[in-house]
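> Here it is, the structure, as structure tokens.
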Amino acid sequence: MRTKLKTISLAFATVGGLYAQQKPNIVLIYADDIGYGDLSCYGATRVQTPNVDALANSGLRFRNAHAAAATSTPSRYGLFTGEYPWRRKGTGIAAGDAAMIIKPTQYTLPKMMQEAGYTTSAVGKWHLGLGNETGKQEWNGRVAPGPNEIGFDYSYIMAATGDRVPCVYLENQRAVGLDPKDPIQVSYTKNFPGEPTGKENPELLTKLKPSHGHDMAVVNGISRIGYMKGGKSALWEDENIADSITTHAVRFIERNKNKPFFLYFGTNDIHVPRYPNERFRGKSGMGCRGDAILQFDWSVSEVVRALKEAGIYDNTLIIVTSDNGPVVDDGYQDEAVALLKNHKPWGPFRGGKYSTFEAGTRVPFIVHWPGKVRTGVSDALVSQIDMLGTLAELTDVKSTQAIPEDSQNQLPAWLGSDLKGRDYVIGAAGTLTVLTSEWKYIEPGNGAAYNAFTNTELGNNPNDQLYNMCRDRGEYDNVAEENPLIVRFLKQILEEEKAKGINKEL
């Protein structure tokens, strides 16, 4: 089988002449906080996602796929570096003024794609920090290091994430539309004199009000985390974020249709604050969260449309997935809880975003490539940590830099010829987990068992937890005491992984 796959890889690695465009374009659509049960192709009935469904129906839909962590920043770190985020200090949820977490010296997915002859682009949510020092970014000039320094030729990104300041787009690491006479100032320690906040000026919250936290700087009628002053002409409008980043993703496709490209498209949907465009508001019957799912589906349709109009749809590998599991109330009064009713964002699993339980990292994962990917459904165990190793195999990169051992070549599973996938995946949400095709072990943890703000079971327990995922995918029957040998085996795997070392650079 490896020989067959190598032949496929070499065929697409040929460059020059008529063969140059046989290299597949690669589009990675990375949703934010979309859970296993949020898409209709994964069983949702109260909300419909026909454009994602179309890719799933003509591609391969995975039922046992995992993000590298149960929150945004570490998942993105693992996605781009191929290194489990728990191996590196400082990969937790990044503040809006955090320093760049991925170092320019690291080997990354976009650097690998450049080596393979691809033009690379990052569009949308970033949330990996920028600059060399926390809190010392020069927001009024070129902020570096940033996407370019880790391998992206072009970038149009949100400076951090939707609920954190600064609320501006950066194109090639410069604030878009900034008036130099009104410079941006950012602080995560104290407010600027005279600047209103959501806590002290609730009358200014004309679009969304916070349910917990998120009561600092007011931007676009919504209060955020962190304080900000200036940059008025550069501030985004939440209802137009999807339009803006989708337009820039489409433009990148149109401008690079005649050469192989890699596009990372990180959507803001469906992260808070959820305030979709009026085209989608009120359409789902599930409040802003459901409407944001419809908006995400529209973004997918626009990317597909652009590929088809450019004549490169059949020669493009499209991956649709999410950075972590779902959360319903993540800090704003957007009716998500009241209108959820029988919709189950977590699907048949327990937990959600922030949780060691399965819904924390088990996410939608769809691979679409006409004529190359087997159509249907796969139960192979796959992980986003393998993006680097798998795409290196596909593009036949002969790099002088080593791909991290964590990132495996899982091309056979992603194309659908291997129905097993990984032997195990390590998950992270405070404590670590080991998941095989049958068993899940959660190491003891002293953290809180429940997050009352988000109504999420975090899965922390001072005792060993073991679940038979074939019989108890809801993780309610802890069978650790009855299966000491399985516990010992999985603990040994975890200890061996830990023994490979923690990267202490940050």
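Labeling convention for the structure tokens: chains A, B, ... as they appear, residues from 1 per chain, ligands from 1 in order of appearance.
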To test your reading of the structure, identify every residue in region 383-491 of chain A that backbone DSSP assigns to alpha helix (DSSP H), and report it as a list in words.
Met387, Leu388, Gly389, Thr390, Leu391, Ala392, Glu393, Leu394, Thr395, Leu411, Pro412, Ala413, Trp414, Leu415, Pro484, Leu485, Ile486, Val487, Arg488, Phe489, Leu490 and Lys491 of chain A
> Take the selection from the previous step and output its residues with N, CA and C atoms, as a PDB file, in the first residue's frame.

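Full text of result.pdb as output:
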ATOM      1  N   MET A 387      -1.405  16.550  10.626  1.00  0.00           N
ATOM      2  CA  MET A 387      -1.509  17.361   9.417  1.00  0.00           C
ATOM      3  C   MET A 387      -0.147  17.520   8.748  1.00  0.00           C
ATOM      4  N   LEU A 388       0.876  17.809   9.530  1.00  0.00           N
ATOM      5  CA  LEU A 388       2.214  18.021   8.985  1.00  0.00           C
ATOM      6  C   LEU A 388       2.774  16.735   8.392  1.00  0.00           C
ATOM      7  N   GLY A 389       2.734  15.646   9.158  1.00  0.00           N
ATOM      8  CA  GLY A 389       3.296  14.387   8.676  1.00  0.00           C
ATOM      9  C   GLY A 389       2.559  13.830   7.477  1.00  0.00           C
ATOM     10  N   THR A 390       1.257  13.972   7.463  1.00  0.00           N
ATOM     11  CA  THR A 390       0.449  13.416   6.371  1.00  0.00           C
ATOM     12  C   THR A 390       0.619  14.213   5.084  1.00  0.00           C
ATOM     13  N   LEU A 391       0.574  15.547   5.179  1.00  0.00           N
ATOM     14  CA  LEU A 391       0.719  16.355   3.972  1.00  0.00           C
ATOM     15  C   LEU A 391       2.156  16.351   3.453  1.00  0.00           C
ATOM     16  N   ALA A 392       3.114  16.104   4.326  1.00  0.00           N
ATOM     17  CA  ALA A 392       4.493  15.932   3.859  1.00  0.00           C
ATOM     18  C   ALA A 392       4.602  14.692   2.982  1.00  0.00           C
ATOM     19  N   GLU A 393       3.919  13.631   3.360  1.00  0.00           N
ATOM     20  CA  GLU A 393       3.907  12.416   2.549  1.00  0.00           C
ATOM     21  C   GLU A 393       3.196  12.665   1.227  1.00  0.00           C
ATOM     22  N   LEU A 394       2.063  13.357   1.284  1.00  0.00           N
ATOM     23  CA  LEU A 394       1.300  13.616   0.069  1.00  0.00           C
ATOM     24  C   LEU A 394       2.104  14.420  -0.942  1.00  0.00           C
ATOM     25  N   THR A 395       2.820  15.435  -0.469  1.00  0.00           N
ATOM     26  CA  THR A 395       3.566  16.311  -1.375  1.00  0.00           C
ATOM     27  C   THR A 395       4.997  15.842  -1.614  1.00  0.00           C
ATOM     28  N   LEU A 411      -1.656   9.242   5.750  1.00  0.00           N
ATOM     29  CA  LEU A 411      -2.263   9.417   4.437  1.00  0.00           C
ATOM     30  C   LEU A 411      -3.190   8.266   4.052  1.00  0.00           C
ATOM     31  N   PRO A 412      -2.817   7.001   4.304  1.00  0.00           N
ATOM     32  CA  PRO A 412      -3.743   5.916   3.944  1.00  0.00           C
ATOM     33  C   PRO A 412      -5.107   6.052   4.622  1.00  0.00           C
ATOM     34  N   ALA A 413      -5.106   6.469   5.892  1.00  0.00           N
ATOM     35  CA  ALA A 413      -6.387   6.642   6.593  1.00  0.00           C
ATOM     36  C   ALA A 413      -7.154   7.826   6.033  1.00  0.00           C
ATOM     37  N   TRP A 414      -6.465   8.922   5.729  1.00  0.00           N
ATOM     38  CA  TRP A 414      -7.128  10.127   5.245  1.00  0.00           C
ATOM     39  C   TRP A 414      -7.712   9.916   3.846  1.00  0.00           C
ATOM     40  N   LEU A 415      -7.071   9.063   3.061  1.00  0.00           N
ATOM     41  CA  LEU A 415      -7.606   8.761   1.725  1.00  0.00           C
ATOM     42  C   LEU A 415      -8.661   7.662   1.768  1.00  0.00           C
ATOM     43  N   PRO A 484      -7.554  -3.513  35.597  1.00  0.00           N
ATOM     44  CA  PRO A 484      -6.264  -2.948  36.015  1.00  0.00           C
ATOM     45  C   PRO A 484      -5.165  -3.110  34.963  1.00  0.00           C
ATOM     46  N   LEU A 485      -5.211  -4.198  34.182  1.00  0.00           N
ATOM     47  CA  LEU A 485      -4.176  -4.395  33.162  1.00  0.00           C
ATOM     48  C   LEU A 485      -4.303  -3.381  32.040  1.00  0.00           C
ATOM     49  N   ILE A 486      -5.539  -3.070  31.629  1.00  0.00           N
ATOM     50  CA  ILE A 486      -5.743  -2.059  30.592  1.00  0.00           C
ATOM     51  C   ILE A 486      -5.288  -0.697  31.106  1.00  0.00           C
ATOM     52  N   VAL A 487      -5.632  -0.384  32.355  1.00  0.00           N
ATOM     53  CA  VAL A 487      -5.207   0.881  32.946  1.00  0.00           C
ATOM     54  C   VAL A 487      -3.687   0.966  32.966  1.00  0.00           C
ATOM     55  N   ARG A 488      -3.035  -0.115  33.395  1.00  0.00           N
ATOM     56  CA  ARG A 488      -1.578  -0.125  33.466  1.00  0.00           C
ATOM     57  C   ARG A 488      -0.964   0.065  32.080  1.00  0.00           C
ATOM     58  N   PHE A 489      -1.542  -0.581  31.078  1.00  0.00           N
ATOM     59  CA  PHE A 489      -1.036  -0.482  29.709  1.00  0.00           C
ATOM     60  C   PHE A 489      -1.148   0.952  29.191  1.00  0.00           C
ATOM     61  N   LEU A 490      -2.306   1.579  29.381  1.00  0.00           N
ATOM     62  CA  LEU A 490      -2.512   2.931  28.863  1.00  0.00           C
ATOM     63  C   LEU A 490      -1.715   3.968  29.656  1.00  0.00           C
ATOM     64  N   LYS A 491      -1.571   3.739  30.963  1.00  0.00           N
ATOM     65  CA  LYS A 491      -0.726   4.630  31.766  1.00  0.00           C
ATOM     66  C   LYS A 491       0.727   4.538  31.311  1.00  0.00           C
TER      67      LYS A 491
END
> Region 427-441 of chain A: which residues within 7 Å, counting only C-alpha atoms, same-chain residues fewer than 5 positions away excluded, as a list in words?
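Listing them by chain and then by number gives Ala68, Ala69, Ala70, Trp86, Tyr354, Ser355, Thr356, Leu381, Gln465, Leu466, Tyr467, Asn468, Met469, Cys470, Val487, Leu490 and Leu494 of chain A.
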> Suppose you want the space between CA of Ile157 (chain A) and CA of Gly124 (chain A); what is it in Å?
4.5 Å
> Could you pull out the strand (DSSP E) residues of region 223-466 of chain A, going by DSSP on the backbone, and write them as a PyMOL selection string?
chain A and resi 223+227-229+261-266+316-322+365-368+376-378+382-383+425-429+431-435+439-442+450-451+456-457+465-466
> Which region 334-357 of chain A residues have any atom within 8 Å of an atom of region 305-328 of chain A, and for each, what is the nearest pair of atoms with distance in Å to one decimal, counting only C-alpha atoms, rows sorted by chain and number, as JSON lines?

{"residue": "A:Ala336", "atom": "CA", "partner": "A:Val328", "partner_atom": "CA", "distance": 5.9}
{"residue": "A:Val337", "atom": "CA", "partner": "A:Val328", "partner_atom": "CA", "distance": 6.2}
{"residue": "A:Pro345", "atom": "CA", "partner": "A:Pro326", "partner_atom": "CA", "distance": 6.0}
{"residue": "A:Trp346", "atom": "CA", "partner": "A:Pro326", "partner_atom": "CA", "distance": 6.3}
{"residue": "A:Gly352", "atom": "CA", "partner": "A:Gly325", "partner_atom": "CA", "distance": 4.9}
{"residue": "A:Lys353", "atom": "CA", "partner": "A:Gly325", "partner_atom": "CA", "distance": 4.5}
{"residue": "A:Tyr354", "atom": "CA", "partner": "A:Gly325", "partner_atom": "CA", "distance": 8.0}
